[in-house]
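Structure below is start.json: JSON, C-alpha atoms.
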```json
[["chain", "number", "residue", "atom", "x", "y", "z"],
["D", 1, "MET", "CA", 126.06, 134.31, -25.16],
["D", 2, "ILE", "CA", 125.46, 138.05, -25.21],
["D", 3, "SER", "CA", 126.96, 140.72, -22.98],
["D", 4, "GLN", "CA", 126.36, 144.28, -21.95],
["D", 5, "LEU", "CA", 129.07, 146.90, -21.60],
["D", 6, "ARG", "CA", 127.73, 149.42, -19.09],
["D", 7, "ILE", "CA", 129.51, 152.77, -18.59],
["D", 8, "TYR", "CA", 128.23, 154.90, -15.71],
["D", 9, "THR", "CA", 129.30, 158.48, -15.10],
["D", 10, "ILE", "CA", 129.22, 158.86, -11.33],
["D", 11, "ASN", "CA", 128.43, 162.15, -9.60],
["D", 12, "ARG", "CA", 131.54, 164.00, -8.51],
["D", 13, "GLY", "CA", 132.91, 162.93, -5.15],
["D", 14, "MET", "CA", 130.79, 159.78, -4.99],
["D", 15, "ILE", "CA", 132.91, 157.17, -6.77],
["D", 16, "ASP", "CA", 134.23, 155.45, -3.61],
["D", 17, "GLN", "CA", 130.81, 155.09, -2.03],
["D", 18, "TRP", "CA", 129.39, 153.97, -5.38],
["D", 19, "VAL", "CA", 131.98, 151.18, -5.69],
["D", 20, "LYS", "CA", 131.20, 150.04, -2.14],
["D", 21, "HIS", "CA", 127.44, 150.09, -2.79],
["D", 22, "PHE", "CA", 127.79, 148.32, -6.14],
["D", 23, "THR", "CA", 130.11, 145.54, -4.98],
["D", 24, "GLU", "CA", 128.37, 144.92, -1.66],
["D", 25, "ASN", "CA", 124.75, 145.19, -2.80],
["D", 26, "LEU", "CA", 124.23, 145.23, -6.56],
["D", 27, "VAL", "CA", 126.64, 142.44, -7.47],
["D", 28, "PRO", "CA", 125.20, 139.87, -5.01],
["D", 29, "LEU", "CA", 121.64, 140.82, -5.96],
["D", 30, "GLN", "CA", 122.27, 140.29, -9.67],
["D", 31, "GLU", "CA", 124.36, 137.16, -9.27],
["D", 32, "GLY", "CA", 121.67, 135.74, -7.00],
["D", 33, "LEU", "CA", 119.32, 136.00, -9.97],
["D", 34, "GLY", "CA", 121.77, 134.26, -12.28],
["D", 35, "ILE", "CA", 123.19, 137.38, -13.96],
["D", 36, "LYS", "CA", 126.92, 136.92, -14.51],
["D", 37, "ILE", "CA", 129.00, 139.97, -13.61],
["D", 38, "GLY", "CA", 132.22, 140.00, -15.63],
["D", 39, "GLY", "CA", 134.73, 142.78, -14.99],
["D", 40, "MET", "CA", 134.43, 146.04, -13.04],
["D", 41, "TRP", "CA", 136.70, 149.04, -13.50],
["D", 42, "VAL", "CA", 137.02, 152.72, -12.59],
["D", 43, "ASN", "CA", 138.24, 155.54, -14.83],
["D", 44, "GLU", "CA", 139.00, 158.20, -12.25],
["D", 45, "ASP", "CA", 139.82, 160.91, -14.80],
["D", 46, "LYS", "CA", 136.27, 160.83, -16.18],
["D", 47, "ASN", "CA", 134.53, 159.69, -12.98],
["D", 48, "GLN", "CA", 133.36, 156.56, -14.79],
["D", 49, "PHE", "CA", 132.43, 153.14, -13.46],
["D", 50, "ILE", "CA", 132.65, 150.52, -16.20],
["D", 51, "TRP", "CA", 131.36, 146.97, -15.95],
["D", 52, "THR", "CA", 130.11, 144.03, -17.96],
["D", 53, "ARG", "CA", 127.42, 141.45, -17.43],
["D", 54, "SER", "CA", 126.35, 138.53, -19.61],
["D", 55, "PHE", "CA", 123.36, 136.35, -20.46],
["D", 56, "ALA", "CA", 122.77, 133.14, -22.38],
["D", 57, "ASP", "CA", 120.73, 134.91, -25.07],
["D", 58, "ALA", "CA", 118.25, 137.74, -25.65],
["D", 59, "GLU", "CA", 115.40, 135.89, -23.93],
["D", 60, "ASP", "CA", 117.57, 135.16, -20.89],
["D", 61, "LEU", "CA", 118.49, 138.87, -20.72],
["D", 62, "LYS", "CA", 114.84, 139.91, -20.88],
["D", 63, "THR", "CA", 113.78, 137.42, -18.21],
["D", 64, "LYS", "CA", 116.58, 138.16, -15.75],
["D", 65, "GLU", "CA", 116.39, 141.95, -16.16],
["D", 66, "ALA", "CA", 112.64, 141.74, -15.45],
["D", 67, "ALA", "CA", 113.35, 139.68, -12.33],
["D", 68, "PHE", "CA", 116.01, 142.13, -11.18],
["D", 69, "TYR", "CA", 114.03, 145.33, -11.74],
["D", 70, "GLY", "CA", 110.90, 143.74, -10.33],
["D", 71, "SER", "CA", 112.54, 142.51, -7.13],
["D", 72, "SER", "CA", 111.77, 143.93, -3.70],
["D", 73, "GLU", "CA", 115.53, 144.17, -3.06],
["D", 74, "TRP", "CA", 115.96, 146.52, -6.03],
["D", 75, "ALA", "CA", 112.91, 148.55, -5.02],
["D", 76, "ALA", "CA", 114.49, 149.09, -1.60],
["D", 77, "ILE", "CA", 117.73, 150.56, -3.00],
["D", 78, "VAL", "CA", 116.74, 152.04, -6.38],
["D", 79, "ASP", "CA", 116.62, 155.66, -5.19],
["D", 80, "HIS", "CA", 119.92, 155.39, -3.34],
["D", 81, "THR", "CA", 121.51, 153.73, -6.38],
["D", 82, "ARG", "CA", 120.30, 156.29, -8.89],
["D", 83, "SER", "CA", 121.38, 159.19, -6.67],
["D", 84, "HIS", "CA", 124.98, 158.29, -7.49],
["D", 85, "VAL", "CA", 124.68, 158.10, -11.29],
["D", 86, "ALA", "CA", 124.70, 161.09, -13.64],
["D", 87, "ARG", "CA", 124.68, 159.18, -16.94],
["D", 88, "THR", "CA", 124.35, 155.59, -18.12],
["D", 89, "VAL", "CA", 125.49, 154.19, -21.47],
["D", 90, "VAL", "CA", 124.69, 150.55, -22.29],
["D", 91, "GLN", "CA", 125.94, 148.60, -25.30],
["D", 92, "GLY", "CA", 124.90, 145.10, -26.29],
["D", 93, "MET", "CA", 127.73, 142.87, -27.52],
["D", 94, "ALA", "CA", 128.45, 139.36, -28.74],
["D", 95, "PRO", "CA", 131.83, 137.59, -28.59],
["D", 96, "ALA", "CA", 133.86, 138.39, -31.69],
["D", 97, "VAL", "CA", 135.27, 134.86, -31.85],
["D", 98, "LYS", "CA", 133.69, 131.55, -30.92],
["D", 99, "THR", "CA", 133.82, 130.94, -27.19],
["D", 100, "ASP", "CA", 132.05, 128.84, -24.58],
["D", 101, "GLY", "CA", 131.41, 131.86, -22.33],
["D", 102, "ASP", "CA", 131.16, 135.63, -22.58],
["D", 103, "GLY", "CA", 134.67, 135.98, -23.98],
["D", 104, "LEU", "CA", 135.99, 137.87, -20.94],
["D", 105, "THR", "CA", 138.91, 136.65, -18.85],
["D", 106, "VAL", "CA", 139.73, 138.86, -15.85],
["D", 107, "GLY", "CA", 143.07, 138.34, -14.15],
["D", 108, "SER", "CA", 145.12, 140.05, -11.45],
["D", 109, "GLU", "CA", 146.26, 142.95, -13.67],
["D", 110, "LYS", "CA", 145.67, 146.39, -12.15],
["D", 111, "VAL", "CA", 145.38, 148.57, -15.27],
["D", 112, "SER", "CA", 143.25, 147.90, -18.34],
["D", 113, "GLN", "CA", 142.27, 149.63, -21.54],
["D", 114, "LEU", "CA", 138.76, 149.50, -22.93],
["D", 115, "ARG", "CA", 139.21, 150.03, -26.66],
["D", 116, "MET", "CA", 136.15, 150.73, -28.84],
["D", 117, "TYR", "CA", 136.77, 150.78, -32.58],
["D", 118, "THR", "CA", 134.21, 151.86, -35.15],
["D", 119, "VAL", "CA", 134.90, 149.66, -38.16],
["D", 120, "ASN", "CA", 134.28, 150.83, -41.72],
["D", 121, "GLY", "CA", 131.10, 149.48, -43.29],
["D", 122, "GLY", "CA", 131.38, 145.98, -44.69],
["D", 123, "MET", "CA", 134.79, 145.35, -43.13],
["D", 124, "MET", "CA", 133.89, 143.80, -39.77],
["D", 125, "ASP", "CA", 134.54, 140.18, -40.78],
["D", 126, "SER", "CA", 137.95, 140.98, -42.26],
["D", 127, "TRP", "CA", 138.80, 143.13, -39.22],
["D", 128, "VAL", "CA", 137.92, 140.34, -36.76],
["D", 129, "LYS", "CA", 140.03, 137.92, -38.78],
["D", 130, "LEU", "CA", 142.98, 140.35, -38.84],
["D", 131, "PHE", "CA", 142.68, 141.13, -35.15],
["D", 132, "SER", "CA", 142.19, 137.61, -33.81],
["D", 133, "GLY", "CA", 144.64, 136.01, -36.23],
["D", 134, "THR", "CA", 147.43, 138.60, -36.24],
["D", 135, "LEU", "CA", 147.04, 141.58, -33.91],
["D", 136, "ALA", "CA", 146.03, 139.71, -30.77],
["D", 137, "PRO", "CA", 148.87, 137.15, -31.01],
["D", 138, "LEU", "CA", 151.37, 139.94, -31.72],
["D", 139, "GLN", "CA", 150.36, 141.78, -28.57],
["D", 140, "GLU", "CA", 150.23, 138.63, -26.47],
["D", 141, "ASN", "CA", 153.74, 137.71, -27.62],
["D", 142, "LEU", "CA", 154.86, 141.06, -26.19],
["D", 143, "GLY", "CA", 153.26, 140.24, -22.83],
["D", 144, "MET", "CA", 149.98, 142.14, -23.25],
["D", 145, "LYS", "CA", 146.93, 140.28, -21.96],
["D", 146, "ILE", "CA", 143.90, 140.38, -24.24],
["D", 147, "ASP", "CA", 140.89, 139.96, -21.95],
["D", 148, "ALA", "CA", 138.01, 140.10, -24.41],
["D", 149, "GLN", "CA", 136.90, 140.73, -27.98],
["D", 150, "TRP", "CA", 133.28, 141.66, -28.72],
["D", 151, "VAL", "CA", 131.26, 143.00, -31.60],
["D", 152, "ASN", "CA", 128.35, 145.44, -31.41],
["D", 153, "GLU", "CA", 126.78, 144.92, -34.81],
["D", 154, "ASP", "CA", 124.23, 147.72, -34.41],
["D", 155, "LYS", "CA", 127.00, 150.33, -34.19],
["D", 156, "ASN", "CA", 129.59, 148.48, -36.29],
["D", 157, "GLN", "CA", 131.89, 148.50, -33.27],
["D", 158, "PHE", "CA", 134.66, 146.15, -32.27],
["D", 159, "ILE", "CA", 135.14, 146.35, -28.51],
["D", 160, "TRP", "CA", 138.07, 144.81, -26.68],
["D", 161, "ILE", "CA", 139.97, 144.97, -23.42],
["D", 162, "ARG", "CA", 143.65, 144.48, -22.73],
["D", 163, "SER", "CA", 145.42, 144.57, -19.37],
["D", 164, "PHE", "CA", 148.75, 145.40, -17.79],
["D", 165, "ALA", "CA", 150.42, 145.01, -14.41],
["D", 166, "ASP", "CA", 150.54, 148.79, -13.86],
["D", 167, "ASP", "CA", 150.97, 152.12, -15.67],
["D", 168, "ASP", "CA", 154.70, 151.60, -16.29],
["D", 169, "ASP", "CA", 154.02, 148.17, -17.76],
["D", 170, "LEU", "CA", 151.40, 149.70, -20.08],
["D", 171, "LYS", "CA", 153.81, 152.37, -21.34],
["D", 172, "ALA", "CA", 156.66, 149.92, -21.88],
["D", 173, "LYS", "CA", 154.60, 147.35, -23.75],
["D", 174, "GLU", "CA", 152.80, 149.91, -25.89],
["D", 175, "ALA", "CA", 156.18, 151.34, -26.89],
["D", 176, "ALA", "CA", 157.46, 147.85, -27.75],
["D", 177, "PHE", "CA", 154.37, 147.14, -29.82],
["D", 178, "GLY", "CA", 154.53, 150.44, -31.70],
["D", 179, "ALA", "CA", 158.21, 149.87, -32.57],
["D", 180, "SER", "CA", 157.87, 146.22, -33.55],
["D", 181, "PRO", "CA", 158.57, 145.33, -37.20],
["D", 182, "ASP", "CA", 155.48, 143.08, -37.22],
["D", 183, "TRP", "CA", 153.23, 146.04, -36.40],
["D", 184, "GLN", "CA", 155.04, 148.28, -38.86],
["D", 185, "ALA", "CA", 154.32, 145.73, -41.58],
["D", 186, "ILE", "CA", 150.55, 145.59, -41.01],
["D", 187, "GLN", "CA", 149.63, 148.96, -39.51],
["D", 188, "GLY", "CA", 148.43, 150.35, -42.85],
["D", 189, "SER", "CA", 146.04, 147.46, -43.39],
["D", 190, "ALA", "CA", 144.83, 147.66, -39.78],
["D", 191, "ARG", "CA", 144.14, 151.39, -39.92],
["D", 192, "ASP", "CA", 142.34, 151.08, -43.26],
["D", 193, "HIS", "CA", 139.60, 149.12, -41.46],
["D", 194, "LEU", "CA", 138.90, 151.73, -38.80],
["D", 195, "ALA", "CA", 136.82, 154.91, -38.87],
["D", 196, "ARG", "CA", 137.26, 155.83, -35.21],
["D", 197, "LEU", "CA", 139.15, 154.69, -32.11],
["D", 198, "ASP", "CA", 138.08, 155.41, -28.53],
["D", 199, "VAL", "CA", 140.30, 154.30, -25.63],
["D", 200, "ILE", "CA", 139.51, 154.41, -21.91],
["D", 201, "THR", "CA", 142.24, 153.57, -19.39],
["D", 202, "MET", "CA", 140.79, 152.11, -16.20],
["D", 203, "ASN", "CA", 141.71, 150.46, -12.92],
["D", 204, "ALA", "CA", 140.29, 147.11, -11.84],
["D", 205, "VAL", "CA", 137.71, 146.84, -9.05],
["D", 206, "ALA", "CA", 137.73, 143.59, -7.08],
["D", 207, "LYS", "CA", 134.58, 141.78, -6.09],
["D", 208, "VAL", "CA", 133.73, 141.69, -2.40],
["D", 209, "ALA", "CA", 134.01, 138.21, -0.95],
["D", 210, "VAL", "CA", 130.60, 136.81, -0.04],
["D", 211, "LYS", "CA", 130.34, 135.82, 3.62],
["D", 212, "ALA", "CA", 129.28, 132.24, 4.28]]
```

Could you take the file, read its structure, and then write that structure out as structure tokens?
Amino acid sequence: MISQLRIYTINRGMIDQWVKHFTENLVPLQEGLGIKIGGMWVNEDKNQFIWTRSFADAEDLKTKEAAFYGSSEWAAIVDHTRSHVARTVVQGMAPAVKTDGDGLTVGSEKVSQLRMYTVNGGMMDSWVKLFSGTLAPLQENLGMKIDAQWVNEDKNQFIWIRSFADDDDLKAKEAAFGASPDWQAIQGSARDHLARLDVITMNAVAKVAVKA
């Protein structure tokens, strides 16, 4: 299974109509072609729309993207779609730990963090082991929900998502994590693995129910 993390910067003032267009038109079109849409989020501060989609493998991605971009449905809305988007960033990813699916579990939480870590060269395997074996359980024991863990090998990035009930829940649980003796004991080792940390806080977008 491989996934794409797609971050779109939406033209100012157009985020609401973009979300409506995307959920009502682009999601059904892609899912009708067998493309699995994972999560969808909005970062209002940066006017970003963030979403994931997944494929069985590289050949499946190539085939389904060709079908999507070659469809008459896409041709009919391509200009309208692109008129909303100022910038597109796409990253290919694979699940960081063995999983039957794309590694993403989306729940009812309203606030999420997309966390992109650039890992020091040669340290990805030890980082994944540290994160999945120690850091993820520590956070989950404090009530944080870890939604996904991916690796982008081309950029030496570890990409993950965690979620919270709301902004207050995020602040409280981050404070509890930062003060925990378990984190204090391993923070030096964790930080030694990382060259850069990028964090985007975002709000969940729900899929539109498909009418029968």

Of the residues D:Ser189, D:Gln17, D:Asn156, D:Ser112, which is the one nearest to D:Ala204, using only C-alpha atoms?
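So, comparing all the options, the nearest one is D:Ser112.
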
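Atom pair atom CA of D:Thr23 / atom CA of D:Lys207: separated by 5.9 Å.
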
Output, as JSON, the centre and edge lengths in Å (one decimal) of the axis-aligned box that contains all listed atoms of stretch 68-71 of chain D with 3 Å of margin on each side.
```
{"center_x": 113.5, "center_y": 143.7, "center_z": -9.4, "size_x": 11.1, "size_y": 9.2, "size_z": 10.6}
```

Around (124.3, 140.4, -18.1), as given in the file, which residues come within 12 Å? Count all atoms listed in the file and list them as a ChimeraX atom specification.
/D:1-6,27,30-31,33-39,51-65,68,90-94,101-102

When you look at D:Ile15 with a cut-off of 12 Å (counting only C-alpha atoms), what residues show up, excluding the ones that are within fewer than 2 positions of it in the same chain? I need them as a ChimeraX atom specification.
/D:8-13,17-22,41-50,81,83-86,205

C-alpha atoms of the current selection, written as a PDB file, keeping the file's coordinate frame:
```pdb
ATOM      1  CA  TYR D   8     128.230 154.900 -15.710  1.00  0.00           C
ATOM      2  CA  THR D   9     129.300 158.480 -15.100  1.00  0.00           C
ATOM      3  CA  ILE D  10     129.220 158.860 -11.330  1.00  0.00           C
ATOM      4  CA  ASN D  11     128.430 162.150  -9.600  1.00  0.00           C
ATOM      5  CA  ARG D  12     131.540 164.000  -8.510  1.00  0.00           C
ATOM      6  CA  GLY D  13     132.910 162.930  -5.150  1.00  0.00           C
ATOM      7  CA  GLN D  17     130.810 155.090  -2.030  1.00  0.00           C
ATOM      8  CA  TRP D  18     129.390 153.970  -5.380  1.00  0.00           C
ATOM      9  CA  VAL D  19     131.980 151.180  -5.690  1.00  0.00           C
ATOM     10  CA  LYS D  20     131.200 150.040  -2.140  1.00  0.00           C
ATOM     11  CA  HIS D  21     127.440 150.090  -2.790  1.00  0.00           C
ATOM     12  CA  PHE D  22     127.790 148.320  -6.140  1.00  0.00           C
ATOM     13  CA  TRP D  41     136.700 149.040 -13.500  1.00  0.00           C
ATOM     14  CA  VAL D  42     137.020 152.720 -12.590  1.00  0.00           C
ATOM     15  CA  ASN D  43     138.240 155.540 -14.830  1.00  0.00           C
ATOM     16  CA  GLU D  44     139.000 158.200 -12.250  1.00  0.00           C
ATOM     17  CA  ASP D  45     139.820 160.910 -14.800  1.00  0.00           C
ATOM     18  CA  LYS D  46     136.270 160.830 -16.180  1.00  0.00           C
ATOM     19  CA  ASN D  47     134.530 159.690 -12.980  1.00  0.00           C
ATOM     20  CA  GLN D  48     133.360 156.560 -14.790  1.00  0.00           C
ATOM     21  CA  PHE D  49     132.430 153.140 -13.460  1.00  0.00           C
ATOM     22  CA  ILE D  50     132.650 150.520 -16.200  1.00  0.00           C
ATOM     23  CA  THR D  81     121.510 153.730  -6.380  1.00  0.00           C
ATOM     24  CA  SER D  83     121.380 159.190  -6.670  1.00  0.00           C
ATOM     25  CA  HIS D  84     124.980 158.290  -7.490  1.00  0.00           C
ATOM     26  CA  VAL D  85     124.680 158.100 -11.290  1.00  0.00           C
ATOM     27  CA  ALA D  86     124.700 161.090 -13.640  1.00  0.00           C
ATOM     28  CA  VAL D 205     137.710 146.840  -9.050  1.00  0.00           C
TER      29      VAL D 205
END
```

May I have the residues within 10 Å of D:Gln139 as a PyMOL selection string, using all atoms listed in the file and disregarding those fewer than 5 positions away in the same chain?
chain D and resi 134+144-146+162+173-174+176-177+183

Please identify every residue of stretch 67-155 of chain D that has at least one atom no farther than 7 Å from an atom of stretch 192-195 of chain D, counting all atoms listed in the file, and for each give the shortest atom pair and the distance in Å to one decimal, arranged by chain then increasing number, as a tab-separated table.
```
residue	atom	partner	partner_atom	distance
D:Tyr117	CA	D:Leu194	CA	6.6
D:Thr118	CA	D:Ala195	CA	5.5
D:Val119	CA	D:Leu194	CA	4.5
D:Asn120	CA	D:Leu194	CA	5.5
D:Met123	CA	D:His193	CA	6.3
D:Trp127	CA	D:His193	CA	6.4
```

For a test of reading the model, state the distance in Å between atom CA of D:Ala66 and atom CA of D:Val78, rounded to one decimal.
14.3 Å

Non-local contacts of D:Gln149 (10 Å; all atoms listed in the file; under 3 positions in same chain excluded) as a list in words
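Near neighbours after the sequence-gap exclusion: Met93, Ala94, Pro95, Ala96, Val97, Asp102, Gly103, Leu104, Arg115, Val128, Phe131, Ser132, Ala136, Ile146, Phe158, Ile159, Trp160, Ile161 and Arg162 of chain D.
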
From the options D:Leu142, D:Leu197, D:Gln157, D:Asn152, which residue's atoms come nearest to D:Ala175, counting only C-alpha atoms?
D:Leu142
